[in-house]
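Notes to accompany the following structure.
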Amino acid sequence: MIYTTGTIAISGNTLTGTGTNFTAAGSLIRNGCTVIALTSPPQVFQITAIGGATSLTVTPAANPAIPTGTKYSILLSDSLSVDGLAQDIAETFTMYQRYMSGFADVMNGTSDVVIVINGTSLKVPGQKSLAKKGDNNDITGLNALTKPLSISQGGTGDKTAAGAVNNLGLGAGAPAIGMPFFWPSSAMPNTVMPEWSDMVFLKYNGSSFSASTYPKLALVNPSLILPDVRGEFIRVWDDGRGIDSGRALLSAQSDAQQAITGQFLDATMGANASAAGVFQMTQLAQSGLSTGQSGSFNQKNVYFDTSKVVRTAAENRPRNIAFNLLVRAK
């Protein structure tokens, strides 16, 4: 390798450089290196001492003197002496120390940091200074990188799982958008649960909604109408089982019950006999007392009334409890 930075002049045994940096970390210039002055003819010298960035002591003495502005080359790999090797190692450590010092300043700096590499100054922002710039301007302390990132910056605002859950409003869970759920109150959930205050809930009461306002809900209910389930019983979709075949999802079904049948056989009825409701009458062969025969018989009315044995109402229903059926829309 060679070193050719700047120009030189040599008077006697003193070499003076212009634009040189003989002591720069990493230059590898040391005692014993050969200096070639590019004169005509070229002159060769050996470094015996390094006086500074622009000064060397060389041997033999220049005769004639080397004028200012002379180009030159220093051979950096021609000396393997113990002293030269020691100087080489020392300069390498010096370079490492200087660079690492600059890197440490960059990593820990709270403002812009100036580092010097091979004589060139470079200004860079310290990492902690950089952390406070732009979107991260809420990080202000020297311990900034150990602080939790705020929710507004995409963080959780806390360093613990419990704190993060609470800050993100997940302390009471979070119902999925579009999933119906039973609710035991007439008050809407966002007025009851502080963690849900920014959510929107709708009732299944036959109302329509806007896909632009509630796009996620529209994916679940593309008809944009929430069925009216008030006062209804929910039945699980048959889905091909055959118990309740022919049904579509969200389709309504009227009330019904299995037939109730019974019979009165060989009953003698009077002239006023009739049937109504669930009863009917069929005419059998005439029998009973003939004209002119003596005797008597009783006329009876027969009624069918299920309330005599079961609870009755204006509808058929099982035992039940009333709940609100809601859905999170947003």
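Simple scheme: letters A, B, ... for chains in structure tokens order, numbers from 1 for residues in each chain, numbers from 1 for ligands in the order shown.
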
Quiz item: Can you list, as a PyMOL selection string, every protein, DNA or RNA residue that comes within 8 Å of Val327 in chain A when you count only C-alpha atoms, leaving out same-chain residues fewer than 6 positions away?
Solution: chain A and resi 177-181+201-204

Exercise. Please provide the set of residues having any atom within 9 Å of range 253-264 of chain A, restricted to only C-alpha atoms, with same-chain residues fewer than 5 positions apart removed, written as a PyMOL selection string.
Key: chain A and resi 247+278-279+315-317

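Distance-wise, CA of Leu56 in chain A and CA of Leu15 in chain A end up 5.0 Å apart.
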
As an mmCIF file with C-alpha atoms, in the first residue's frame, please: every residue in range 132-322 of chain A that a backbone DSSP assignment puts in strand (DSSP E).
```
data_model
loop_
_atom_site.group_PDB
_atom_site.id
_atom_site.type_symbol
_atom_site.label_atom_id
_atom_site.label_comp_id
_atom_site.auth_asym_id
_atom_site.auth_seq_id
_atom_site.Cartn_x
_atom_site.Cartn_y
_atom_site.Cartn_z
ATOM 1 C CA PRO A 180 -75.223 -11.530 17.841
ATOM 2 C CA PHE A 181 -75.194 -11.812 21.619
ATOM 3 C CA PHE A 182 -77.738 -11.807 24.418
ATOM 4 C CA TRP A 183 -77.714 -8.774 26.722
ATOM 5 C CA PHE A 201 -74.430 -1.610 19.146
ATOM 6 C CA LEU A 202 -77.717 -2.253 17.328
ATOM 7 C CA LYS A 203 -80.844 -4.234 18.198
#
```

Self-check item: Close residues, Pro67 in chain A itself excluded, 10 Å, only C-alpha atoms, min 4 positions apart in chain, as number ranges by chain
Solution: A: 7-11, 37, 39, 71

Same residues, C-alpha atoms, saved as a CSV table (one decimal), in the first residue's frame:
```
chain,number,residue,atom,x,y,z
A,7,THR,CA,2.6,17.3,-1.4
A,8,ILE,CA,6.0,17.6,0.4
A,9,ALA,CA,9.2,19.5,0.7
A,10,ILE,CA,12.4,18.2,2.3
A,11,SER,CA,15.2,20.4,3.6
A,37,ALA,CA,10.1,12.0,-3.7
A,39,THR,CA,11.6,14.5,-8.5
A,71,LYS,CA,4.5,14.8,-5.2
```

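In this structure, CA of Pro189 in chain A sits 10.9 Å away from CA of Asn324 in chain A.
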
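Going from CA of Ala313 in chain A to CA of Leu326 in chain A covers 27.8 Å.
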